[in-house]
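Engineer: Sharing model34.csv here; it has CSV, C-alpha atoms.
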chain,number,residue,atom,x,y,z
A,1,MET,CA,0.0,0.0,0.0
A,2,ALA,CA,1.2,3.5,-0.8
A,3,HIS,CA,1.8,6.2,1.8
A,4,ARG,CA,2.0,9.9,1.0
A,5,THR,CA,5.0,11.9,2.0
A,6,PRO,CA,5.4,15.7,1.8
A,7,ARG,CA,7.6,15.5,-1.3
A,8,GLY,CA,6.4,12.4,-3.1
A,9,LEU,CA,4.9,9.0,-2.8
A,10,LEU,CA,6.1,5.9,-1.2
A,11,ALA,CA,5.3,2.5,-2.5
A,12,GLY,CA,6.0,-1.0,-1.3
A,13,ALA,CA,8.1,-2.8,-3.9
A,14,THR,CA,5.3,-5.3,-4.3
A,15,ALA,CA,1.9,-5.5,-5.9
A,16,THR,CA,0.7,-1.9,-5.4
A,17,VAL,CA,2.8,0.9,-6.8
A,18,ALA,CA,2.2,4.6,-6.3
A,19,LEU,CA,2.7,8.2,-7.5
A,20,LEU,CA,0.8,11.6,-7.4
A,21,MET,CA,-1.3,13.9,-9.5
A,22,THR,CA,-2.6,17.5,-10.4
A,23,ALA,CA,-5.1,20.1,-11.2
A,24,ALA,CA,-6.1,22.7,-14.0
A,25,SER,CA,-8.5,25.5,-15.2
A,26,ALA,CA,-10.8,27.3,-17.6
A,27,SER,CA,-11.4,27.5,-21.4
A,28,ALA,CA,-9.9,25.9,-24.5
A,29,VAL,CA,-7.3,27.4,-26.8
A,30,GLY,CA,-6.4,26.0,-30.2
A,31,THR,CA,-7.2,22.6,-31.7
A,32,ALA,CA,-4.8,19.8,-32.2
A,33,PRO,CA,-4.0,18.8,-35.7
A,34,GLY,CA,-6.0,16.0,-37.2
A,35,ALA,CA,-8.6,16.5,-34.5
A,36,ALA,CA,-11.4,14.5,-36.1
A,37,GLY,CA,-14.2,12.9,-34.1
A,38,PRO,CA,-15.4,13.8,-30.6
A,39,GLN,CA,-13.6,16.8,-29.0
A,40,ALA,CA,-12.5,17.4,-25.5
A,41,ARG,CA,-10.6,20.0,-23.5
A,42,VAL,CA,-7.4,18.9,-21.7
A,43,PHE,CA,-4.3,20.4,-20.3
A,44,MET,CA,-1.3,20.6,-22.6
A,45,VAL,CA,0.6,18.1,-20.4
A,46,ASN,CA,0.3,20.4,-17.4
A,47,PRO,CA,-0.2,24.1,-16.8
A,48,VAL,CA,3.2,24.8,-15.3
A,49,GLN,CA,5.0,23.0,-18.2
A,50,SER,CA,3.0,24.8,-20.9
A,51,SER,CA,3.1,28.2,-19.4
A,52,GLY,CA,6.4,28.2,-17.5
A,53,ASP,CA,4.6,30.0,-14.6
A,54,GLN,CA,6.0,28.6,-11.4
A,55,THR,CA,3.6,30.7,-9.3
A,56,LEU,CA,0.4,28.8,-10.2
A,57,THR,CA,-1.3,27.2,-7.2
A,58,ASP,CA,-4.3,24.9,-6.7
A,59,ALA,CA,-6.6,27.5,-5.0
A,60,LYS,CA,-9.0,24.7,-4.0
A,61,ASP,CA,-9.7,23.6,-7.5
A,62,ALA,CA,-10.7,27.1,-8.6
A,63,ALA,CA,-11.3,27.3,-12.4
A,64,ASP,CA,-9.6,30.7,-12.6
A,65,ALA,CA,-6.4,29.5,-10.8
A,66,VAL,CA,-5.1,28.4,-14.2
A,67,PRO,CA,-5.3,30.5,-17.4
A,68,ALA,CA,-7.4,29.4,-20.3
A,69,THR,CA,-4.2,29.2,-22.4
A,70,ALA,CA,-3.2,26.0,-20.4
A,71,TYR,CA,-6.0,24.1,-22.2
A,72,ALA,CA,-6.1,22.6,-25.7
A,73,THR,CA,-9.0,21.1,-27.7
A,74,VAL,CA,-8.2,17.6,-28.8
A,75,ALA,CA,-9.8,14.6,-30.3
A,76,LEU,CA,-10.9,11.7,-28.1
A,77,ARG,CA,-9.8,8.7,-30.1
A,78,ASN,CA,-10.7,5.0,-29.9
A,79,LEU,CA,-14.0,5.5,-28.1
A,80,ASP,CA,-16.5,2.6,-28.2
A,81,GLY,CA,-19.5,4.8,-29.0
A,82,SER,CA,-21.2,4.4,-25.6
A,83,GLY,CA,-21.2,8.1,-25.0
A,84,GLY,CA,-18.9,7.7,-22.0
A,85,LEU,CA,-15.2,7.6,-21.6
A,86,SER,CA,-14.7,4.0,-22.6
A,87,GLY,CA,-12.8,2.7,-25.5
A,88,ARG,CA,-10.1,0.5,-27.0
A,89,TRP,CA,-7.3,1.4,-24.6
A,90,ALA,CA,-9.0,3.0,-21.5
A,91,ALA,CA,-12.2,2.8,-19.5
A,92,VAL,CA,-12.8,5.5,-16.9
A,93,ARG,CA,-15.0,5.2,-13.9
A,94,SER,CA,-15.8,7.6,-11.1
A,95,ASP,CA,-17.7,7.3,-7.8
A,96,THR,CA,-17.2,10.9,-6.7
A,97,GLY,CA,-19.4,12.7,-9.2
A,98,ALA,CA,-21.4,12.2,-12.4
A,99,SER,CA,-19.6,10.3,-15.1
A,100,ALA,CA,-18.3,12.5,-17.9
A,101,ARG,CA,-20.2,12.6,-21.1
A,102,VAL,CA,-18.3,12.7,-24.4
A,103,ALA,CA,-20.9,15.2,-25.7
A,104,ASP,CA,-19.9,17.6,-22.9
A,105,ALA,CA,-16.2,17.0,-23.0
A,106,THR,CA,-15.3,20.5,-24.4
A,107,SER,CA,-17.1,22.3,-21.5
A,108,TYR,CA,-15.3,20.9,-18.5
A,109,ASN,CA,-12.6,22.8,-16.6
A,110,ARG,CA,-10.5,21.9,-13.6
A,111,HIS,CA,-13.2,22.7,-11.2
A,112,ASP,CA,-15.3,19.8,-12.6
A,113,ASP,CA,-14.7,16.2,-11.5
A,114,GLN,CA,-15.4,15.3,-15.1
A,115,PHE,CA,-12.4,17.2,-16.3
A,116,GLU,CA,-10.1,14.7,-14.5
A,117,GLN,CA,-12.0,11.8,-16.1
A,118,VAL,CA,-11.4,13.3,-19.6
A,119,MET,CA,-7.7,13.9,-18.8
A,120,ALA,CA,-7.3,10.3,-17.7
A,121,TYR,CA,-9.0,8.9,-20.8
A,122,PHE,CA,-7.0,11.1,-23.2
A,123,TRP,CA,-3.6,10.5,-21.6
A,124,VAL,CA,-3.9,6.8,-21.1
A,125,ASN,CA,-5.0,6.5,-24.8
A,126,GLU,CA,-2.1,8.8,-25.8
A,127,ALA,CA,0.4,6.7,-23.9
A,128,GLN,CA,-0.8,3.5,-25.5
A,129,GLU,CA,-0.8,5.1,-28.9
A,130,TYR,CA,2.8,6.2,-28.3
A,131,LEU,CA,3.7,2.6,-27.6
A,132,GLN,CA,1.8,1.4,-30.6
A,133,GLY,CA,3.7,3.9,-32.7
A,134,LEU,CA,7.0,2.3,-31.5
A,135,GLY,CA,5.8,-1.0,-32.9
A,136,PHE,CA,4.5,-2.6,-29.7
A,137,GLY,CA,1.4,-4.6,-30.7
A,138,SER,CA,2.5,-5.0,-34.3
A,139,GLU,CA,6.2,-5.9,-35.1
A,140,LEU,CA,6.9,-6.2,-31.3
A,141,PRO,CA,4.8,-7.8,-28.6
A,142,GLY,CA,2.0,-5.7,-27.2
A,143,ALA,CA,2.8,-3.7,-24.1
A,144,ASN,CA,-0.5,-3.4,-22.1
A,145,ASN,CA,-2.4,-3.3,-25.3
A,146,ARG,CA,-5.8,-3.8,-23.6
A,147,VAL,CA,-8.5,-1.7,-22.1
A,148,GLN,CA,-7.0,-0.1,-19.0
A,149,PRO,CA,-9.5,0.4,-16.1
A,150,VAL,CA,-9.1,3.8,-14.4
A,151,ARG,CA,-10.9,5.2,-11.4
A,152,ILE,CA,-10.9,8.9,-10.5
A,153,ASN,CA,-10.7,10.4,-7.0
A,154,GLN,CA,-10.8,6.9,-5.5
A,155,TRP,CA,-8.2,7.6,-2.9
A,156,GLY,CA,-8.9,10.2,-0.3
A,157,ALA,CA,-5.4,11.6,-0.2
A,158,ASP,CA,-2.9,13.2,-2.6
A,159,ASN,CA,-1.7,9.9,-3.9
A,160,SER,CA,-2.3,7.6,-6.8
A,161,PHE,CA,-1.4,4.0,-7.6
A,162,PHE,CA,-1.7,1.0,-9.9
A,163,THR,CA,-2.9,-2.2,-8.2
A,164,ASP,CA,-2.5,-5.6,-9.7
A,165,LYS,CA,-5.5,-6.9,-7.8
A,166,LYS,CA,-7.8,-5.6,-10.6
A,167,ALA,CA,-5.0,-4.4,-12.8
A,168,GLU,CA,-6.5,-0.9,-12.5
A,169,ILE,CA,-5.2,2.6,-11.9
A,170,ARG,CA,-6.7,4.7,-9.1
A,171,PHE,CA,-6.1,8.4,-9.0
A,172,GLY,CA,-6.3,10.4,-5.7
A,173,LYS,CA,-7.2,14.0,-4.8
A,174,GLY,CA,-6.0,16.6,-2.4
A,175,GLY,CA,-3.9,19.6,-3.3
A,176,VAL,CA,-3.7,19.5,-7.1
A,177,ASP,CA,-6.0,16.6,-7.8
A,178,ASP,CA,-3.9,13.9,-9.3
A,179,ALA,CA,-5.5,13.3,-12.7
A,180,GLU,CA,-4.9,16.9,-13.7
A,181,ASP,CA,-1.3,16.3,-14.5
A,182,ALA,CA,-0.6,14.2,-17.6
A,183,GLU,CA,2.8,13.2,-16.3
A,184,VAL,CA,1.2,11.6,-13.2
A,185,ILE,CA,-1.4,9.8,-15.3
A,186,VAL,CA,1.3,8.4,-17.6
A,187,HIS,CA,3.6,7.5,-14.6
A,188,GLU,CA,0.9,5.3,-13.2
A,189,TYR,CA,0.3,3.9,-16.7
A,190,GLY,CA,3.9,2.9,-16.7
A,191,HIS,CA,3.3,0.6,-13.8
A,192,ALA,CA,0.4,-1.0,-15.7
A,193,VAL,CA,2.7,-1.5,-18.7
A,194,HIS,CA,5.4,-3.2,-16.5
A,195,ASN,CA,2.8,-5.5,-14.8
A,196,ALA,CA,1.4,-6.5,-18.2
A,197,GLN,CA,4.9,-7.3,-19.5
A,198,VAL,CA,5.9,-9.1,-16.3
A,199,PRO,CA,3.1,-10.0,-13.9
A,200,GLY,CA,4.0,-9.2,-10.4
A,201,PHE,CA,6.8,-6.9,-11.4
A,202,GLY,CA,8.4,-5.0,-8.6
A,203,SER,CA,8.7,-7.7,-5.9
A,204,SER,CA,12.2,-6.5,-4.7
A,205,LEU,CA,13.5,-3.1,-3.8
A,206,GLU,CA,15.6,-2.7,-6.9
A,207,ALA,CA,12.8,-4.0,-9.2
A,208,GLY,CA,10.4,-1.5,-7.5
A,209,SER,CA,12.9,1.3,-8.0
A,210,ILE,CA,13.1,0.4,-11.7
A,211,GLY,CA,9.3,0.5,-11.9
A,212,GLU,CA,9.2,4.0,-10.4
A,213,ALA,CA,12.0,5.1,-12.8
A,214,PHE,CA,10.2,3.8,-15.9
A,215,GLY,CA,7.0,5.5,-14.9
A,216,ASP,CA,8.8,8.8,-14.6
A,217,TYR,CA,10.7,8.2,-17.8
A,218,LEU,CA,7.6,7.2,-19.8
A,219,ALA,CA,5.7,10.3,-18.4
A,220,VAL,CA,8.4,12.6,-19.8
A,221,ALA,CA,8.6,10.7,-23.1
A,222,VAL,CA,4.9,10.7,-23.8
A,223,GLY,CA,4.5,14.3,-22.7
A,224,GLU,CA,7.4,15.5,-25.0
A,225,HIS,CA,6.0,13.4,-27.9
A,226,ALA,CA,2.5,14.9,-27.4
A,227,ALA,CA,3.9,18.5,-27.2
A,228,ALA,CA,5.7,18.0,-30.5
A,229,ARG,CA,2.7,16.2,-32.1
A,230,TYR,CA,0.2,18.9,-31.3
A,231,GLY,CA,2.5,21.9,-31.4
A,232,TRP,CA,2.2,22.7,-27.7
A,233,PRO,CA,4.7,24.9,-25.8
A,234,LEU,CA,7.2,23.2,-23.5
A,235,LYS,CA,8.5,26.0,-21.2
A,236,THR,CA,10.0,24.1,-18.2
A,237,ASP,CA,12.9,21.6,-17.9
A,238,LEU,CA,12.0,18.4,-19.7
A,239,ALA,CA,13.7,16.3,-17.1
A,240,CYS,CA,11.3,17.6,-14.4
A,241,VAL,CA,8.4,15.2,-13.6
A,242,ALA,CA,4.9,16.5,-12.6
A,243,ASP,CA,5.6,20.2,-12.4
A,244,TRP,CA,2.0,21.0,-11.7
A,245,ASP,CA,1.1,18.3,-9.2
A,246,SER,CA,4.1,19.2,-7.1
A,247,VAL,CA,3.3,22.9,-6.7
A,248,MET,CA,1.8,22.1,-3.3
A,249,TYR,CA,4.8,20.4,-1.8
A,250,SER,CA,7.9,21.5,-3.6
A,251,ASP,CA,9.9,24.7,-4.0
A,252,ALA,CA,10.1,26.4,-7.4
A,253,PRO,CA,11.0,25.3,-9.9
A,254,HIS,CA,8.5,22.6,-9.0
A,255,CYS,CA,9.3,18.9,-9.6
A,256,LEU,CA,8.0,15.7,-8.1
A,257,ARG,CA,11.3,14.0,-9.2
A,258,ARG,CA,13.9,14.4,-11.9
A,259,ILE,CA,15.2,12.0,-14.5
A,260,ASP,CA,18.5,13.7,-14.9
A,261,SER,CA,19.8,13.2,-11.4
A,262,ASP,CA,23.6,12.7,-10.8
A,263,LYS,CA,22.8,9.8,-8.4
A,264,THR,CA,24.8,6.6,-8.8
A,265,TYR,CA,24.4,3.1,-7.4
A,266,ALA,CA,26.4,4.2,-4.3
A,267,ASP,CA,23.7,6.8,-3.5
A,268,ARG,CA,21.0,4.2,-2.8
A,269,VAL,CA,18.9,4.9,0.3
A,270,GLY,CA,16.5,2.0,0.2
A,271,GLU,CA,13.4,3.9,-1.0
A,272,VAL,CA,12.0,3.1,-4.5
A,273,HIS,CA,11.3,6.6,-5.7
A,274,ALA,CA,14.6,8.0,-4.5
A,275,ASP,CA,16.6,5.0,-5.8
A,276,GLY,CA,14.6,5.1,-9.1
A,277,GLU,CA,16.3,8.3,-10.0
A,278,ILE,CA,19.5,6.3,-10.6
A,279,TRP,CA,17.7,4.1,-13.2
A,280,SER,CA,15.7,6.9,-14.8
A,281,ARG,CA,18.9,8.9,-15.4
A,282,ALA,CA,20.4,5.9,-17.2
A,283,LEU,CA,17.3,5.7,-19.4
A,284,PHE,CA,17.5,9.5,-20.1
A,285,ASP,CA,21.1,9.1,-21.2
A,286,ILE,CA,20.2,6.3,-23.5
A,287,ARG,CA,17.6,8.5,-25.0
A,288,SER,CA,20.2,11.3,-25.5
A,289,ALA,CA,22.6,8.9,-27.1
A,290,LEU,CA,20.3,7.0,-29.4
A,291,GLY,CA,17.3,9.3,-30.0
A,292,ALA,CA,13.8,8.9,-28.6
A,293,ARG,CA,12.5,6.2,-30.9
A,294,VAL,CA,15.4,3.8,-30.9
A,295,ALA,CA,15.9,4.3,-27.2
A,296,ASP,CA,12.3,3.7,-26.3
A,297,ARG,CA,12.0,0.6,-28.5
A,298,ILE,CA,15.0,-0.9,-26.7
A,299,ILE,CA,13.9,0.2,-23.2
A,300,VAL,CA,10.4,-1.1,-23.4
A,301,ASN,CA,11.3,-4.3,-25.3
A,302,ALA,CA,14.0,-5.2,-22.8
A,303,GLN,CA,11.4,-5.2,-20.0
A,304,PHE,CA,9.8,-8.3,-21.3
A,305,GLY,CA,12.9,-10.1,-20.2
A,306,PHE,CA,13.0,-8.8,-16.6
A,307,ALA,CA,12.2,-11.0,-13.7
A,308,PRO,CA,9.6,-9.7,-11.2
A,309,ASP,CA,12.4,-9.3,-8.6
A,310,THR,CA,15.1,-8.2,-11.0
A,311,SER,CA,18.2,-6.4,-9.8
A,312,PHE,CA,19.7,-3.3,-11.4
A,313,ALA,CA,22.5,-5.3,-12.8
A,314,ALA,CA,20.3,-8.1,-14.3
A,315,ALA,CA,17.9,-5.5,-15.8
A,316,ALA,CA,20.8,-3.5,-17.2
A,317,ASN,CA,22.4,-6.5,-18.8
A,318,THR,CA,19.1,-7.5,-20.3
A,319,THR,CA,18.7,-4.0,-21.8
A,320,VAL,CA,22.2,-4.1,-23.2
A,321,ALA,CA,21.5,-7.5,-24.8
A,322,THR,CA,18.3,-6.2,-26.2
A,323,ALA,CA,20.0,-3.3,-27.8
A,324,GLN,CA,22.6,-5.6,-29.3
A,325,LYS,CA,19.9,-7.8,-30.8
A,326,MET,CA,17.8,-5.0,-32.1
A,327,TYR,CA,20.3,-2.5,-33.4
A,328,GLY,CA,23.8,-3.9,-33.1
A,329,LYS,CA,27.1,-3.2,-31.3
A,330,SER,CA,27.1,0.6,-31.3
A,331,ALA,CA,23.6,0.8,-29.7
A,332,ALA,CA,24.6,-1.8,-27.1
A,333,ASP,CA,27.8,0.1,-26.3
A,334,ALA,CA,25.7,3.3,-25.7
A,335,VAL,CA,23.3,1.5,-23.4
A,336,ARG,CA,26.1,-0.2,-21.5
A,337,ALA,CA,27.9,3.2,-21.1
A,338,ALA,CA,24.7,4.8,-19.6
A,339,PHE,CA,24.4,2.1,-17.0
A,340,GLN,CA,28.1,2.0,-16.2
A,341,ALA,CA,28.0,5.8,-15.7
A,342,ARG,CA,25.5,5.2,-12.9
A,343,GLY,CA,28.0,2.9,-11.2
A,344,ILE,CA,25.8,-0.2,-11.5
A,345,PRO,CA,28.0,-3.2,-10.7
A,346,GLY,CA,28.2,-6.2,-12.9
A,347,VAL,CA,27.2,-4.5,-16.2
A,348,ALA,CA,29.0,-6.4,-18.9
Mind converting the file's structure to structure tokens?
Structural biologist:
Amino acid sequence: MAHRTPRGLLAGATATVALLMTAASASAVGTAPGAAGPQARVFMVNPVQSSGDQTLTDAKDAADAVPATAYATVALRNLDGSGGLSGRWAAVRSDTGASARVADATSYNRHDDQFEQVMAYFWVNEAQEYLQGLGFGSELPGANNRVQPVRINQWGADNSFFTDKKAEIRFGKGGVDDAEDAEVIVHEYGHAVHNAQVPGFGSSLEAGSIGEAFGDYLAVAVGEHAAARYGWPLKTDLACVADWDSVMYSDAPHCLRRIDSDKTYADRVGEVHADGEIWSRALFDIRSALGARVADRIIVNAQFGFAPDTSFAAAANTTVATAQKMYGKSAADAVRAAFQARGIPGVA
């Protein structure tokens, strides 16, 4: 079970894994390219990232706490035609307010519970589409290519988590409500991806740390991809995770965690989120060395070969071997160098 701390989330390195989320505001600006089909209003990743304004605060879910320019109008893709937020890759449920209606999805703002439902649907779908675009589910095995159950405001604290009991994601509330920050949504989806690839993943401290790291890394990767895809501004440091959700418990510039930490294996403290910054930095370095597409195909594909209780060393060597198999020696050398730079022992 997860427990909330002032600066982040704690998660047992077992079945239930955790993170946090965010909040947003008023009216829509702009329309995403190719926005055919039902339309909705969402945040452009999150309001701090798109505006660069580190002074934004939650203000008790007030609609006017976030400028209208933080929103974009987008297409809700892969819906099942039911009129609700259910489709090929996501099914959203809420017990804290009326369920969002697709027909009304352009009218919701951050003051409405339904806005968070729309955010969750859009960003879970966006994350799976990103993985599909990398070839997972076609030339490569599917990575959580199923309907992902999501519950909104199901946790009465500022914490969110994936649970393998029902293989569902549950988003909390408090401060900036969690499902208002796309990077928090995608972080939790990262746990769902890991569990789909390796059932029960995260059953040791180091495996749990890898899980937190991958969630953070995937959040940044999907957010950056979406910003480029839709022409959205990106005005904060890319390596900063959940800039908006963290405004209530971090100093400016706000970050839940970073994926460019200088931590090495010697800096482990025995807490999955803190130790995960070692692994996420290695992934970020692989991305810098090989480019986003090649790096992410290697990173995600390697995870199919991880054990539920994998160590850093075993997972790193599996990732090196995957790079060698997919792209050859130069890619494998770059991946190896990234893990060796983090001081991970036994990386061959």
Engineer: Tell me, counting all atoms listed in the file, for each residue of segment 69-176 of chain A within 10 Å of segment 283-301 of chain A, which pair of atoms is nearest and how far apart they are in Å to one decimal, in rows ordered by chain and increasing number, as CSV.
Structural biologist:
residue,atom,partner,partner_atom,distance
A:Leu131,CA,A:Arg297,CA,8.6
A:Gly133,CA,A:Arg293,CA,9.3
A:Leu134,CA,A:Arg297,CA,6.1
A:Gly135,CA,A:Arg297,CA,7.8
A:Phe136,CA,A:Arg297,CA,8.2
A:Leu140,CA,A:Asn301,CA,7.7
A:Pro141,CA,A:Asn301,CA,8.1
A:Gly142,CA,A:Asn301,CA,9.6
A:Ala143,CA,A:Val300,CA,8.1
Engineer: Which distance in Å separates atom CA of Lys263 of chain A and atom CA of Asp275 of chain A, to one decimal?
Structural biologist: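 For atom CA of Lys263 of chain A relative to atom CA of Asp275 of chain A, the distance reads 8.3 Å.
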Engineer: For each of A:Glu139, A:Glu116, A:Glu277, A:Asp216, take the minimum atom-to-atom distance to Arg170 of chain A, counting all atoms listed in the file, then give the residue where this is smallest.
Structural biologist: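 Among the listed residues, the smallest separation from Arg170 of chain A belongs to A:Glu116.
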Engineer: What's the separation between atom CA of Lys173 of chain A and atom CA of Asp260 of chain A, in Å to one decimal place?
Structural biologist: 27.6 Å
Engineer: Which of these, A:His187, A:Arg146, A:Arg342, A:Lys235, has the shortest distance to Gly215 of chain A once you count all atoms listed in the file?
Structural biologist: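 Closest to Gly215 of chain A, using all atoms listed in the file: A:His187.
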Engineer: What's the 10 Å shell around Ala103 of chain A, counting only C-alpha atoms, without same-chain residues fewer than 6 positions away, as a PDB file with C-alpha atoms, keeping the file's coordinate frame?
Structural biologist:
ATOM      1  CA  PRO A  38     -15.400  13.800 -30.600  1.00  0.00           C
ATOM      2  CA  GLN A  39     -13.600  16.800 -29.000  1.00  0.00           C
ATOM      3  CA  ALA A  40     -12.500  17.400 -25.500  1.00  0.00           C
ATOM      4  CA  GLY A  83     -21.200   8.100 -25.000  1.00  0.00           C
ATOM      5  CA  GLY A  84     -18.900   7.700 -22.000  1.00  0.00           C
TER       6      GLY A  84
END
Engineer: Go ahead and compute the interatomic distance for atom CA of Val48 of chain A and atom CA of Trp244 of chain A, in Å to one decimal.
Structural biologist: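 Computed distance, atom CA of Val48 of chain A to atom CA of Trp244 of chain A, equals 5.4 Å.
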Engineer: Find, counting only C-alpha atoms, the residue in A:Val269, A:Ala127, A:Val247, A:Val118 that gets nearest to Glu224 of chain A.
Structural biologist: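 For Glu224 of chain A, the nearest of the candidates is A:Ala127.
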Engineer: Counting only C-alpha atoms, select every polymer residue within 8 Å of (6.8, 22.7, -20.5) as defined in the file's coordinates, and provide the selection as a list in words.
Structural biologist: Val45, Asn46, Val48, Gln49, Ser50, Ser51, Gly52, Pro233, Leu234, Lys235, Thr236, Asp237 and Leu238 of chain A
Engineer: Could you save those same residues with C-alpha atoms as a PDB file, in the frame of the given file?
Structural biologist:
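Ended up saving to out14.pdb:
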ATOM      1  CA  VAL A  45       0.600  18.100 -20.400  1.00  0.00           C
ATOM      2  CA  ASN A  46       0.300  20.400 -17.400  1.00  0.00           C
ATOM      3  CA  VAL A  48       3.200  24.800 -15.300  1.00  0.00           C
ATOM      4  CA  GLN A  49       5.000  23.000 -18.200  1.00  0.00           C
ATOM      5  CA  SER A  50       3.000  24.800 -20.900  1.00  0.00           C
ATOM      6  CA  SER A  51       3.100  28.200 -19.400  1.00  0.00           C
ATOM      7  CA  GLY A  52       6.400  28.200 -17.500  1.00  0.00           C
ATOM      8  CA  PRO A 233       4.700  24.900 -25.800  1.00  0.00           C
ATOM      9  CA  LEU A 234       7.200  23.200 -23.500  1.00  0.00           C
ATOM     10  CA  LYS A 235       8.500  26.000 -21.200  1.00  0.00           C
ATOM     11  CA  THR A 236      10.000  24.100 -18.200  1.00  0.00           C
ATOM     12  CA  ASP A 237      12.900  21.600 -17.900  1.00  0.00           C
ATOM     13  CA  LEU A 238      12.000  18.400 -19.700  1.00  0.00           C
TER      14      LEU A 238
END
Engineer: Which is closest to Asp113 of chain A among A:Asn144, A:Arg77, A:Asp177, A:Ile210, if we use only C-alpha atoms?
Structural biologist: A:Asp177
Engineer: Point out the residue among A:Arg110, A:Arg88, A:Arg268, A:Arg336 with the least atom-to-atom distance to Val176 of chain A, counting all atoms listed in the file.
Structural biologist: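 Ranking A:Arg110, A:Arg88, A:Arg268, A:Arg336 by distance to Val176 of chain A, first place goes to A:Arg110.
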Engineer: Calculated over all atoms listed in the file, which of the candidates A:Val42, A:Ala323, A:Ala207, A:Val220 has the smallest distance to Glu271 of chain A?
Structural biologist: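 Once distances to Glu271 of chain A are computed over all atoms listed in the file, the minimum belongs to A:Ala207.
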Engineer: Any chance you could work out the axis-aligned box around segment 330-333 of chain A, listed atoms only, 6 Å on each side, giving centre and edge lengths in Å to one decimal, as AutoDock Vina command-line options?
Structural biologist:
--center_x 25.7 --center_y -0.5 --center_z -28.8 --size_x 16.2 --size_y 14.6 --size_z 17.0
Engineer: I'd like the contact shell of Ala120 of chain A - 8 Å cut-off, only C-alpha atoms, skipping same-chain residues fewer than 4 positions apart - returned as a list in words.
Structural biologist: Val92, Glu116, Val124, Val150, Ala179, Ala182 and Ile185 of chain A
Engineer: Kindly provide, as number ranges by chain, the polymer residues lying within 9 Å of (16.3, 2.2, -11.8), counting all atoms listed in the file and using the coordinates exactly as they appear in the file.
Structural biologist: A: 206-214, 272, 275-283, 312, 315
Engineer: Do you know which residues are at most 10 Å from Gly87 of chain A counting only C-alpha atoms, after dropping those on the same chain fewer than 5 positions away, and could you put them as a list in words?
Structural biologist: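 With the cut-off at 10 Å, the set is Leu76, Arg77, Asn78, Leu79, Asp80, Gly81, Ser82, Val92, Tyr121, Asn125, Arg146, Val147 and Gln148 of chain A.
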Engineer: For Arg151 of chain A, find every residue with an atom within 12 Å (counting all atoms listed in the file), except residues of its own chain fewer than 5 positions away, and show them as a VMD selection string.
Structural biologist: chain A and resid 85 to 86 90 to 97 99 113 to 114 116 to 121 160 to 163 166 to 173 178 to 179 185 188
